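Text of the file coords-v2.pdb, holding PDB, C-alpha atoms:
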```pdb
ATOM      1  CA  MET A 236     124.918 173.853  51.411  1.00  0.00           C
ATOM      2  CA  ALA A 237     127.087 171.370  53.309  1.00  0.00           C
ATOM      3  CA  ASN A 238     130.703 172.159  53.741  1.00  0.00           C
ATOM      4  CA  ILE A 239     133.313 169.591  54.738  1.00  0.00           C
ATOM      5  CA  LYS A 240     135.443 172.277  56.314  1.00  0.00           C
ATOM      6  CA  THR A 241     133.011 172.437  59.258  1.00  0.00           C
ATOM      7  CA  GLN A 242     133.184 168.707  59.996  1.00  0.00           C
ATOM      8  CA  ARG A 243     134.903 167.625  63.224  1.00  0.00           C
ATOM      9  CA  ALA A 244     136.091 164.301  64.586  1.00  0.00           C
ATOM     10  CA  ASN A 245     134.251 162.766  67.522  1.00  0.00           C
ATOM     11  CA  VAL A 246     136.660 160.111  68.793  1.00  0.00           C
ATOM     12  CA  SER A 247     134.874 159.901  72.165  1.00  0.00           C
ATOM     13  CA  LEU A 248     131.671 158.850  70.330  1.00  0.00           C
ATOM     14  CA  VAL A 249     133.592 156.178  68.421  1.00  0.00           C
ATOM     15  CA  LYS A 250     135.186 154.930  71.650  1.00  0.00           C
ATOM     16  CA  ARG A 251     131.762 154.717  73.382  1.00  0.00           C
ATOM     17  CA  SER A 252     130.499 152.694  70.432  1.00  0.00           C
ATOM     18  CA  TYR A 253     133.526 150.396  70.704  1.00  0.00           C
ATOM     19  CA  LYS A 254     133.015 149.953  74.472  1.00  0.00           C
ATOM     20  CA  ASN A 255     129.315 149.160  73.959  1.00  0.00           C
ATOM     21  CA  LEU A 256     130.217 146.519  71.386  1.00  0.00           C
ATOM     22  CA  LEU A 257     132.871 145.094  73.694  1.00  0.00           C
ATOM     23  CA  ALA A 258     130.363 144.941  76.561  1.00  0.00           C
ATOM     24  CA  MET A 259     128.183 142.573  74.511  1.00  0.00           C
ATOM     25  CA  GLY A 260     130.847 139.897  74.909  1.00  0.00           C
ATOM     26  CA  GLU A 261     132.929 137.666  72.722  1.00  0.00           C
ATOM     27  CA  GLY A 262     131.548 136.889  69.288  1.00  0.00           C
ATOM     28  CA  ILE A 263     131.112 133.221  68.435  1.00  0.00           C
ATOM     29  CA  ASN A 264     132.959 131.701  65.513  1.00  0.00           C
ATOM     30  CA  GLY A 265     130.845 129.899  62.915  1.00  0.00           C
ATOM     31  CA  ALA A 266     133.077 126.830  63.315  1.00  0.00           C
ATOM     32  CA  ASP A 267     132.210 126.547  67.036  1.00  0.00           C
ATOM     33  CA  PHE A 268     129.321 124.105  66.907  1.00  0.00           C
ATOM     34  CA  ARG A 269     128.421 120.513  67.691  1.00  0.00           C
ATOM     35  CA  MET A 270     125.872 118.535  65.691  1.00  0.00           C
ATOM     36  CA  ILE A 271     125.048 115.298  67.474  1.00  0.00           C
ATOM     37  CA  PHE A 272     123.053 112.545  65.768  1.00  0.00           C
ATOM     38  CA  GLU A 273     121.432 110.419  68.460  1.00  0.00           C
ATOM     39  CA  GLY A 274     122.558 106.822  68.028  1.00  0.00           C
ATOM     40  CA  TYR A 275     125.534 107.767  65.808  1.00  0.00           C
ATOM     41  CA  PRO A 276     128.246 109.150  68.131  1.00  0.00           C
ATOM     42  CA  ASP A 277     131.052 109.264  65.523  1.00  0.00           C
ATOM     43  CA  MET A 278     129.202 111.347  62.939  1.00  0.00           C
ATOM     44  CA  GLU A 279     129.528 114.762  64.577  1.00  0.00           C
ATOM     45  CA  PHE A 280     133.195 115.003  63.645  1.00  0.00           C
ATOM     46  CA  LEU A 281     132.369 114.543  59.960  1.00  0.00           C
ATOM     47  CA  VAL A 282     129.887 117.446  59.832  1.00  0.00           C
ATOM     48  CA  GLN A 283     131.639 120.329  58.080  1.00  0.00           C
ATOM     49  CA  MET A 284     128.813 122.841  57.644  1.00  0.00           C
ATOM     50  CA  THR A 285     125.222 123.277  58.704  1.00  0.00           C
ATOM     51  CA  GLN A 286     122.755 125.958  59.785  1.00  0.00           C
ATOM     52  CA  LEU A 287     120.796 126.908  62.840  1.00  0.00           C
ATOM     53  CA  PRO A 288     117.116 126.520  61.992  1.00  0.00           C
ATOM     54  CA  GLY A 289     115.010 129.533  61.197  1.00  0.00           C
ATOM     55  CA  ILE A 290     112.669 130.954  63.805  1.00  0.00           C
ATOM     56  CA  LYS A 291     109.614 132.213  62.003  1.00  0.00           C
ATOM     57  CA  ARG A 292     105.866 132.280  61.594  1.00  0.00           C
ATOM     58  CA  GLU A 293     103.647 131.972  58.558  1.00  0.00           C
ATOM     59  CA  THR A 294     102.611 135.241  56.979  1.00  0.00           C
ATOM     60  CA  ILE A 295      98.882 135.950  56.803  1.00  0.00           C
ATOM     61  CA  GLU A 296      97.996 138.515  54.165  1.00  0.00           C
ATOM     62  CA  SER A 297      94.734 140.345  53.743  1.00  0.00           C
ATOM     63  CA  LYS A 298      93.471 143.119  51.485  1.00  0.00           C
ATOM     64  CA  GLY A 299      91.145 145.947  52.270  1.00  0.00           C
ATOM     65  CA  PRO A 300      89.289 148.665  50.398  1.00  0.00           C
ATOM     66  CA  HIS A 301      91.288 150.494  47.782  1.00  0.00           C
ATOM     67  CA  GLY A 302      93.738 147.599  47.546  1.00  0.00           C
ATOM     68  CA  VAL A 303      95.489 148.321  50.817  1.00  0.00           C
ATOM     69  CA  GLY A 304      97.397 145.366  52.173  1.00  0.00           C
ATOM     70  CA  PHE A 305      98.076 144.154  55.653  1.00  0.00           C
ATOM     71  CA  LYS A 306     100.327 141.341  56.846  1.00  0.00           C
ATOM     72  CA  GLN A 307     100.203 139.693  60.238  1.00  0.00           C
ATOM     73  CA  GLN A 308     101.910 136.847  62.017  1.00  0.00           C
ATOM     74  CA  GLY A 309     100.322 133.444  61.696  1.00  0.00           C
ATOM     75  CA  ASN A 310     101.184 129.974  62.946  1.00  0.00           C
ATOM     76  CA  VAL A 311     104.668 129.056  64.121  1.00  0.00           C
ATOM     77  CA  ILE A 312     106.554 127.205  61.389  1.00  0.00           C
ATOM     78  CA  ASN A 313     107.565 124.000  63.139  1.00  0.00           C
ATOM     79  CA  SER A 314     108.998 122.050  60.206  1.00  0.00           C
ATOM     80  CA  ASP A 315     111.607 123.251  57.774  1.00  0.00           C
ATOM     81  CA  ASP A 316     114.897 122.353  56.128  1.00  0.00           C
ATOM     82  CA  ILE A 317     118.540 123.149  56.840  1.00  0.00           C
ATOM     83  CA  THR A 318     121.596 122.324  54.786  1.00  0.00           C
ATOM     84  CA  VAL A 319     124.376 120.021  55.911  1.00  0.00           C
ATOM     85  CA  THR A 320     127.771 119.090  54.491  1.00  0.00           C
ATOM     86  CA  PHE A 321     129.762 116.084  55.610  1.00  0.00           C
ATOM     87  CA  LYS A 322     133.420 115.202  55.126  1.00  0.00           C
ATOM     88  CA  GLU A 323     134.026 111.722  53.764  1.00  0.00           C
ATOM     89  CA  VAL A 324     137.002 109.741  55.022  1.00  0.00           C
ATOM     90  CA  VAL A 325     138.791 106.828  53.357  1.00  0.00           C
ATOM     91  CA  THR A 326     136.874 104.309  55.474  1.00  0.00           C
ATOM     92  CA  GLY A 327     133.584 105.515  53.940  1.00  0.00           C
ATOM     93  CA  LYS A 328     132.063 106.304  57.346  1.00  0.00           C
ATOM     94  CA  ALA A 329     129.940 109.232  56.106  1.00  0.00           C
ATOM     95  CA  TYR A 330     128.387 107.339  53.201  1.00  0.00           C
ATOM     96  CA  GLU A 331     127.846 104.291  55.408  1.00  0.00           C
ATOM     97  CA  PHE A 332     125.806 106.483  57.763  1.00  0.00           C
ATOM     98  CA  LEU A 333     124.007 108.321  54.953  1.00  0.00           C
ATOM     99  CA  ARG A 334     123.068 105.156  53.065  1.00  0.00           C
ATOM    100  CA  ASP A 335     121.758 103.613  56.283  1.00  0.00           C
ATOM    101  CA  VAL A 336     119.524 106.546  57.256  1.00  0.00           C
ATOM    102  CA  VAL A 337     118.290 107.302  53.724  1.00  0.00           C
ATOM    103  CA  LEU A 338     117.727 103.801  52.338  1.00  0.00           C
ATOM    104  CA  ASN A 339     116.256 102.458  55.586  1.00  0.00           C
ATOM    105  CA  LYS A 340     114.004 105.507  55.948  1.00  0.00           C
ATOM    106  CA  LYS A 341     115.250 106.358  59.434  1.00  0.00           C
ATOM    107  CA  TYR A 342     114.104 109.358  61.421  1.00  0.00           C
ATOM    108  CA  LEU A 343     116.699 110.988  63.661  1.00  0.00           C
ATOM    109  CA  ASP A 344     116.829 113.375  66.573  1.00  0.00           C
ATOM    110  CA  ILE A 345     119.688 115.829  66.141  1.00  0.00           C
ATOM    111  CA  ILE A 346     121.146 118.222  68.694  1.00  0.00           C
ATOM    112  CA  LEU A 347     122.797 121.355  67.342  1.00  0.00           C
ATOM    113  CA  SER A 348     124.578 123.756  69.668  1.00  0.00           C
ATOM    114  CA  LEU A 349     127.039 126.598  69.401  1.00  0.00           C
ATOM    115  CA  VAL A 350     129.853 125.463  71.682  1.00  0.00           C
ATOM    116  CA  SER A 351     132.879 127.719  71.987  1.00  0.00           C
ATOM    117  CA  GLU A 352     136.177 127.575  73.817  1.00  0.00           C
ATOM    118  CA  THR A 353     134.778 130.121  76.271  1.00  0.00           C
ATOM    119  CA  ALA A 354     131.437 128.279  76.674  1.00  0.00           C
ATOM    120  CA  PRO A 355     132.346 124.571  76.256  1.00  0.00           C
ATOM    121  CA  ASP A 356     129.026 123.437  77.745  1.00  0.00           C
ATOM    122  CA  GLY A 357     126.964 125.317  75.169  1.00  0.00           C
ATOM    123  CA  LEU A 358     124.281 127.847  75.956  1.00  0.00           C
ATOM    124  CA  PRO A 359     120.509 127.358  75.981  1.00  0.00           C
ATOM    125  CA  ALA A 360     119.918 130.359  73.703  1.00  0.00           C
ATOM    126  CA  THR A 361     121.971 128.772  70.907  1.00  0.00           C
ATOM    127  CA  SER A 362     121.108 125.082  71.347  1.00  0.00           C
ATOM    128  CA  VAL A 363     118.282 123.202  69.688  1.00  0.00           C
ATOM    129  CA  MET A 364     116.999 119.631  69.378  1.00  0.00           C
ATOM    130  CA  LEU A 365     115.723 118.934  65.865  1.00  0.00           C
ATOM    131  CA  GLU A 366     113.137 116.198  66.222  1.00  0.00           C
ATOM    132  CA  ASP A 367     111.976 113.543  63.774  1.00  0.00           C
ATOM    133  CA  CYS A 368     114.480 114.481  61.053  1.00  0.00           C
ATOM    134  CA  TRP A 369     115.248 112.776  57.800  1.00  0.00           C
ATOM    135  CA  ILE A 370     118.168 113.415  55.500  1.00  0.00           C
ATOM    136  CA  GLU A 371     118.600 113.528  51.756  1.00  0.00           C
ATOM    137  CA  ILE A 372     121.952 113.850  50.024  1.00  0.00           C
ATOM    138  CA  ASP A 373     122.620 115.533  46.685  1.00  0.00           C
ATOM    139  CA  GLY A 374     125.129 114.278  44.146  1.00  0.00           C
ATOM    140  CA  THR A 375     128.708 114.685  45.338  1.00  0.00           C
ATOM    141  CA  ASP A 376     131.344 116.250  43.086  1.00  0.00           C
ATOM    142  CA  LEU A 377     134.467 114.265  42.249  1.00  0.00           C
ATOM    143  CA  SER A 378     137.263 115.597  40.049  1.00  0.00           C
ATOM    144  CA  VAL A 379     140.708 114.506  38.858  1.00  0.00           C
ATOM    145  CA  GLU A 380     141.681 118.137  38.292  1.00  0.00           C
ATOM    146  CA  ASP A 381     141.812 119.089  41.959  1.00  0.00           C
ATOM    147  CA  GLY A 382     143.721 116.639  44.109  1.00  0.00           C
ATOM    148  CA  THR A 383     143.545 118.858  47.197  1.00  0.00           C
ATOM    149  CA  THR A 384     139.779 118.937  47.708  1.00  0.00           C
ATOM    150  CA  ILE A 385     138.080 116.704  50.274  1.00  0.00           C
ATOM    151  CA  VAL A 386     134.993 114.758  49.168  1.00  0.00           C
ATOM    152  CA  LYS A 387     132.054 116.511  50.843  1.00  0.00           C
ATOM    153  CA  PRO A 388     128.598 114.947  50.511  1.00  0.00           C
ATOM    154  CA  ASN A 389     126.002 117.649  51.039  1.00  0.00           C
ATOM    155  CA  GLY A 390     122.277 117.715  51.307  1.00  0.00           C
ATOM    156  CA  THR A 391     119.308 118.641  53.429  1.00  0.00           C
ATOM    157  CA  ILE A 392     118.083 117.821  56.902  1.00  0.00           C
ATOM    158  CA  HIS A 393     114.286 117.988  57.036  1.00  0.00           C
ATOM    159  CA  TYR A 394     113.145 118.504  60.623  1.00  0.00           C
ATOM    160  CA  ASN A 395     109.644 118.381  62.034  1.00  0.00           C
ATOM    161  CA  TRP A 396     110.031 120.188  65.329  1.00  0.00           C
ATOM    162  CA  PRO A 397     112.785 122.428  66.725  1.00  0.00           C
ATOM    163  CA  THR A 398     112.907 122.313  70.520  1.00  0.00           C
ATOM    164  CA  TRP A 399     115.073 125.177  71.735  1.00  0.00           C
ATOM    165  CA  PHE A 400     116.703 124.553  75.102  1.00  0.00           C
ATOM    166  CA  ASN A 401     115.374 126.660  77.978  1.00  0.00           C
ATOM    167  CA  ASP A 402     118.036 126.302  80.642  1.00  0.00           C
ATOM    168  CA  ALA A 403     121.485 124.875  81.229  1.00  0.00           C
ATOM    169  CA  SER A 404     120.177 121.755  83.011  1.00  0.00           C
ATOM    170  CA  GLU A 405     118.916 120.439  79.671  1.00  0.00           C
ATOM    171  CA  LEU A 406     122.296 120.763  77.958  1.00  0.00           C
ATOM    172  CA  GLY A 407     124.014 117.642  79.346  1.00  0.00           C
ATOM    173  CA  ALA A 408     124.396 116.029  75.912  1.00  0.00           C
ATOM    174  CA  VAL A 409     126.012 119.120  74.431  1.00  0.00           C
ATOM    175  CA  ALA A 410     128.960 119.677  76.781  1.00  0.00           C
ATOM    176  CA  TRP A 411     132.399 118.573  75.612  1.00  0.00           C
ATOM    177  CA  GLU A 412     133.682 115.805  77.827  1.00  0.00           C
TER
END
```
Starting from the file, lay out its structure as structure tokens.
Amino acid sequence: MANIKTQRANVSLVKRSYKNLLAMGEGINGADFRMIFEGYPDMEFLVQMTQLPGIKRETIESKGPHGVGFKQQGNVINSDDITVTFKEVVTGKAYEFLRDVVLNKKYLDIILSLVSETAPDGLPATSVMLEDCWIEIDGTDLSVEDGTTIVKPNGTIHYNWPTWFNDASELGAVAWE
């Protein structure tokens, strides 16, 4: 039977764990990103929330004798959806952009990169070009009961191909100027 009286602290183990975590480097803040819409240079500052795209493959399932199952990796999933939330400003800049791209059926190329104070040029491992995207926007909430909330149109970016950057030479468009 276990007895708590025999338990001992192991502070050196905890410190090694801390040092290993520290050695991994600075964690990136979820607010440290740039989303650039090619042809629309002012829009990035109105993006309030988005997601890095998933990296996944289709699942192939098969069954064998006695009902045993097996799953294996299939084709790369090259098209998917991510969410996006914009901030509207009194000039209507966000809705002007959104109406233009939705009603005129425009396809966009979008660059998304984690860009931190420590790595202002972005890093290839966390930068992606979303190609041939289209956007749809859900209904936006308005309310007279909360005068401190910003109007935030939100919706979905449908992308057809995520091109992850391979090296720093490709990241010219991502770096803060």
>> Just want the 6 Å neighbourhood of stretch 372-377 of chain A, counted on all atoms listed in the file, with same-chain residues fewer than 2 positions away dropped. Output as JSON, numbers by chain.
In response: {"A": [388, 389, 390]}
>> I need every residue sitting at most 7 Å from the point (113.4, 119.5, 64.8) (coordinates as in the file, all atoms listed in the file considered), written as a list in words.
In response: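 Residues lying no farther than 7 Å from the given point: Ser314, Met364, Leu365, Glu366, Asp367, Cys368, Tyr394, Asn395, Trp396, Pro397 and Thr398 of chain A.
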Skipping near chain neighbours, those fewer than 2 positions away, what residues fall within 7 Å of stretch 334-342 of chain A using all atoms listed in the file, listed as a PDB file with C-alpha atoms, in the frame of the given file?
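And here is the file that came out, out17.pdb:
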```pdb
ATOM      1  CA  TYR A 330     128.387 107.339  53.201  1.00  0.00           C
ATOM      2  CA  GLU A 331     127.846 104.291  55.408  1.00  0.00           C
ATOM      3  CA  PHE A 332     125.806 106.483  57.763  1.00  0.00           C
ATOM      4  CA  ASP A 367     111.976 113.543  63.774  1.00  0.00           C
ATOM      5  CA  CYS A 368     114.480 114.481  61.053  1.00  0.00           C
ATOM      6  CA  TRP A 369     115.248 112.776  57.800  1.00  0.00           C
ATOM      7  CA  ILE A 370     118.168 113.415  55.500  1.00  0.00           C
ATOM      8  CA  GLU A 371     118.600 113.528  51.756  1.00  0.00           C
TER       9      GLU A 371
END
```
Counting only C-alpha atoms, give me one row per residue of stretch 314-386 of chain A with an atom at most 8 Å from an atom of stretch 260-268 of chain A, showing the shortest contact pair and its distance in Å to one decimal, sorted by chain then residue number, as CSV.
```
residue,atom,partner,partner_atom,distance
A:Leu347,CA,A:Phe268,CA,7.1
A:Ser348,CA,A:Phe268,CA,5.5
A:Leu349,CA,A:Phe268,CA,4.2
A:Val350,CA,A:Phe268,CA,5.0
A:Ser351,CA,A:Asp267,CA,5.1
A:Glu352,CA,A:Asp267,CA,7.9
```
> Near stretch 284-288 of chain A, counting all atoms listed in the file, which residues have an atom at most 7 Å away, once you skip same-chain residues fewer than 2 positions from it, shown as a VMD selection string?
Replying inline: chain A and resid 282 290 317 to 320
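Every protein, DNA or RNA residue with an atom at most 7 Å from stretch 353-362 of chain A, where only C-alpha atoms count and chain neighbours fewer than 4 positions away do not, is listed here: Leu347, Ser348, Leu349, Trp399, Phe400, Asn401, Asp402, Ala403, Val409, Ala410 and Trp411 of chain A.
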> What is the distance between atom CA of A:Met270 and atom CA of A:Thr384, in Å to one decimal?
Replying inline: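 Separating atom CA of A:Met270 from atom CA of A:Thr384 is a distance of 22.7 Å.
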What's the 9 Å shell around A:Ile312, counting all atoms listed in the file, without same-chain residues fewer than 2 positions away, as a PDB file with C-alpha atoms, keeping the file's coordinate frame?
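Okay, this is what ended up in part.pdb:
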```
ATOM      1  CA  GLY A 289     115.010 129.533  61.197  1.00  0.00           C
ATOM      2  CA  ILE A 290     112.669 130.954  63.805  1.00  0.00           C
ATOM      3  CA  LYS A 291     109.614 132.213  62.003  1.00  0.00           C
ATOM      4  CA  ARG A 292     105.866 132.280  61.594  1.00  0.00           C
ATOM      5  CA  GLU A 293     103.647 131.972  58.558  1.00  0.00           C
ATOM      6  CA  GLY A 309     100.322 133.444  61.696  1.00  0.00           C
ATOM      7  CA  ASN A 310     101.184 129.974  62.946  1.00  0.00           C
ATOM      8  CA  SER A 314     108.998 122.050  60.206  1.00  0.00           C
ATOM      9  CA  ASP A 315     111.607 123.251  57.774  1.00  0.00           C
ATOM     10  CA  TRP A 396     110.031 120.188  65.329  1.00  0.00           C
TER      11      TRP A 396
END
```
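The two atoms in question, atom CA of A:Ile385 and atom CA of A:Val325, are spaced 10.4 Å apart.
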>> Report, in Å to a single decimal, how far apart atom CA of A:Asn313 and atom CA of A:Ile345 are.
In response: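 Separation between atom CA of A:Ile345 and atom CA of A:Asn313: 14.9 Å.
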Complete the atom set of stretch 364-398 of chain A to N, CA and C atoms and return it as an mmCIF file, in the coordinates of the input.
```cif
data_model
loop_
_atom_site.group_PDB
_atom_site.id
_atom_site.type_symbol
_atom_site.label_atom_id
_atom_site.label_comp_id
_atom_site.auth_asym_id
_atom_site.auth_seq_id
_atom_site.Cartn_x
_atom_site.Cartn_y
_atom_site.Cartn_z
ATOM 1 N N MET A 364 117.208 121.031 69.747
ATOM 2 C CA MET A 364 116.999 119.631 69.378
ATOM 3 C C MET A 364 116.075 119.638 68.168
ATOM 4 N N LEU A 365 116.543 119.075 67.068
ATOM 5 C CA LEU A 365 115.723 118.934 65.865
ATOM 6 C C LEU A 365 115.117 117.545 65.905
ATOM 7 N N GLU A 366 113.802 117.483 66.002
ATOM 8 C CA GLU A 366 113.137 116.198 66.222
ATOM 9 C C GLU A 366 112.559 115.634 64.931
ATOM 10 N N ASP A 367 112.585 114.300 64.871
ATOM 11 C CA ASP A 367 111.976 113.543 63.774
ATOM 12 C C ASP A 367 112.490 114.014 62.415
ATOM 13 N N CYS A 368 113.816 114.007 62.270
ATOM 14 C CA CYS A 368 114.480 114.481 61.053
ATOM 15 C C CYS A 368 114.702 113.338 60.071
ATOM 16 N N TRP A 369 114.759 113.701 58.818
ATOM 17 C CA TRP A 369 115.248 112.776 57.800
ATOM 18 C C TRP A 369 116.198 113.537 56.900
ATOM 19 N N ILE A 370 117.097 112.802 56.278
ATOM 20 C CA ILE A 370 118.168 113.415 55.500
ATOM 21 C C ILE A 370 118.071 112.977 54.050
ATOM 22 N N GLU A 371 118.389 113.894 53.155
ATOM 23 C CA GLU A 371 118.600 113.528 51.756
ATOM 24 C C GLU A 371 119.915 114.145 51.320
ATOM 25 N N ILE A 372 120.630 113.425 50.457
ATOM 26 C CA ILE A 372 121.952 113.850 50.024
ATOM 27 C C ILE A 372 121.933 114.075 48.520
ATOM 28 N N ASP A 373 122.496 115.207 48.105
ATOM 29 C CA ASP A 373 122.620 115.533 46.685
ATOM 30 C C ASP A 373 123.807 114.774 46.099
ATOM 31 N N GLY A 374 123.953 114.854 44.790
ATOM 32 C CA GLY A 374 125.129 114.278 44.146
ATOM 33 C C GLY A 374 126.391 114.944 44.676
ATOM 34 N N THR A 375 127.451 114.181 44.802
ATOM 35 C CA THR A 375 128.708 114.685 45.338
ATOM 36 C C THR A 375 129.726 114.824 44.216
ATOM 37 N N ASP A 376 130.362 115.986 44.140
ATOM 38 C CA ASP A 376 131.344 116.250 43.086
ATOM 39 C C ASP A 376 132.640 115.490 43.332
ATOM 40 N N LEU A 377 133.151 114.895 42.267
ATOM 41 C CA LEU A 377 134.467 114.265 42.249
ATOM 42 C C LEU A 377 135.205 114.853 41.061
ATOM 43 N N SER A 378 136.523 114.998 41.155
ATOM 44 C CA SER A 378 137.263 115.597 40.049
ATOM 45 C C SER A 378 138.726 115.172 40.097
ATOM 46 N N VAL A 379 139.281 114.835 38.936
ATOM 47 C CA VAL A 379 140.708 114.506 38.858
ATOM 48 C C VAL A 379 141.556 115.761 38.724
ATOM 49 N N GLU A 380 140.937 116.902 38.503
ATOM 50 C CA GLU A 380 141.681 118.137 38.292
ATOM 51 C C GLU A 380 142.066 118.844 39.586
ATOM 52 N N ASP A 381 141.502 118.432 40.697
ATOM 53 C CA ASP A 381 141.812 119.089 41.959
ATOM 54 C C ASP A 381 142.092 118.026 43.012
ATOM 55 N N GLY A 382 143.342 117.681 43.167
ATOM 56 C CA GLY A 382 143.721 116.639 44.109
ATOM 57 C C GLY A 382 143.832 117.101 45.543
ATOM 58 N N THR A 383 143.446 118.346 45.826
ATOM 59 C CA THR A 383 143.545 118.858 47.197
ATOM 60 C C THR A 383 142.190 119.092 47.849
ATOM 61 N N THR A 384 141.117 118.707 47.171
ATOM 62 C CA THR A 384 139.779 118.937 47.708
ATOM 63 C C THR A 384 139.238 117.668 48.363
ATOM 64 N N ILE A 385 138.696 117.812 49.544
ATOM 65 C CA ILE A 385 138.080 116.704 50.274
ATOM 66 C C ILE A 385 136.712 116.412 49.661
ATOM 67 N N VAL A 386 136.327 115.144 49.620
ATOM 68 C CA VAL A 386 134.993 114.758 49.168
ATOM 69 C C VAL A 386 134.005 115.159 50.259
ATOM 70 N N LYS A 387 133.007 115.971 49.873
ATOM 71 C CA LYS A 387 132.054 116.511 50.843
ATOM 72 C C LYS A 387 130.618 116.265 50.385
ATOM 73 N N PRO A 388 130.019 115.144 50.804
ATOM 74 C CA PRO A 388 128.598 114.947 50.511
ATOM 75 C C PRO A 388 127.780 116.042 51.181
ATOM 76 N N ASN A 389 126.839 116.606 50.440
ATOM 77 C CA ASN A 389 126.002 117.649 51.039
ATOM 78 C C ASN A 389 124.546 117.396 50.696
ATOM 79 N N GLY A 390 123.702 117.919 51.521
ATOM 80 C CA GLY A 390 122.277 117.715 51.307
ATOM 81 C C GLY A 390 121.440 118.522 52.272
ATOM 82 N N THR A 391 120.320 117.928 52.648
ATOM 83 C CA THR A 391 119.308 118.641 53.429
ATOM 84 C C THR A 391 118.850 117.794 54.596
ATOM 85 N N ILE A 392 118.741 118.430 55.750
ATOM 86 C CA ILE A 392 118.083 117.821 56.902
ATOM 87 C C ILE A 392 116.684 118.414 56.956
ATOM 88 N N HIS A 393 115.682 117.571 56.886
ATOM 89 C CA HIS A 393 114.286 117.988 57.036
ATOM 90 C C HIS A 393 113.900 117.698 58.484
ATOM 91 N N TYR A 394 113.538 118.722 59.230
ATOM 92 C CA TYR A 394 113.145 118.504 60.623
ATOM 93 C C TYR A 394 111.667 118.824 60.788
ATOM 94 N N ASN A 395 111.067 118.200 61.800
ATOM 95 C CA ASN A 395 109.644 118.381 62.034
ATOM 96 C C ASN A 395 109.323 119.212 63.264
ATOM 97 N N TRP A 396 110.277 119.335 64.170
ATOM 98 C CA TRP A 396 110.031 120.188 65.329
ATOM 99 C C TRP A 396 111.358 120.626 65.927
ATOM 100 N N PRO A 397 111.583 121.941 66.046
ATOM 101 C CA PRO A 397 112.785 122.428 66.725
ATOM 102 C C PRO A 397 112.459 122.728 68.188
ATOM 103 N N THR A 398 113.099 122.033 69.102
ATOM 104 C CA THR A 398 112.907 122.313 70.520
ATOM 105 C C THR A 398 114.133 123.063 71.012
#
```
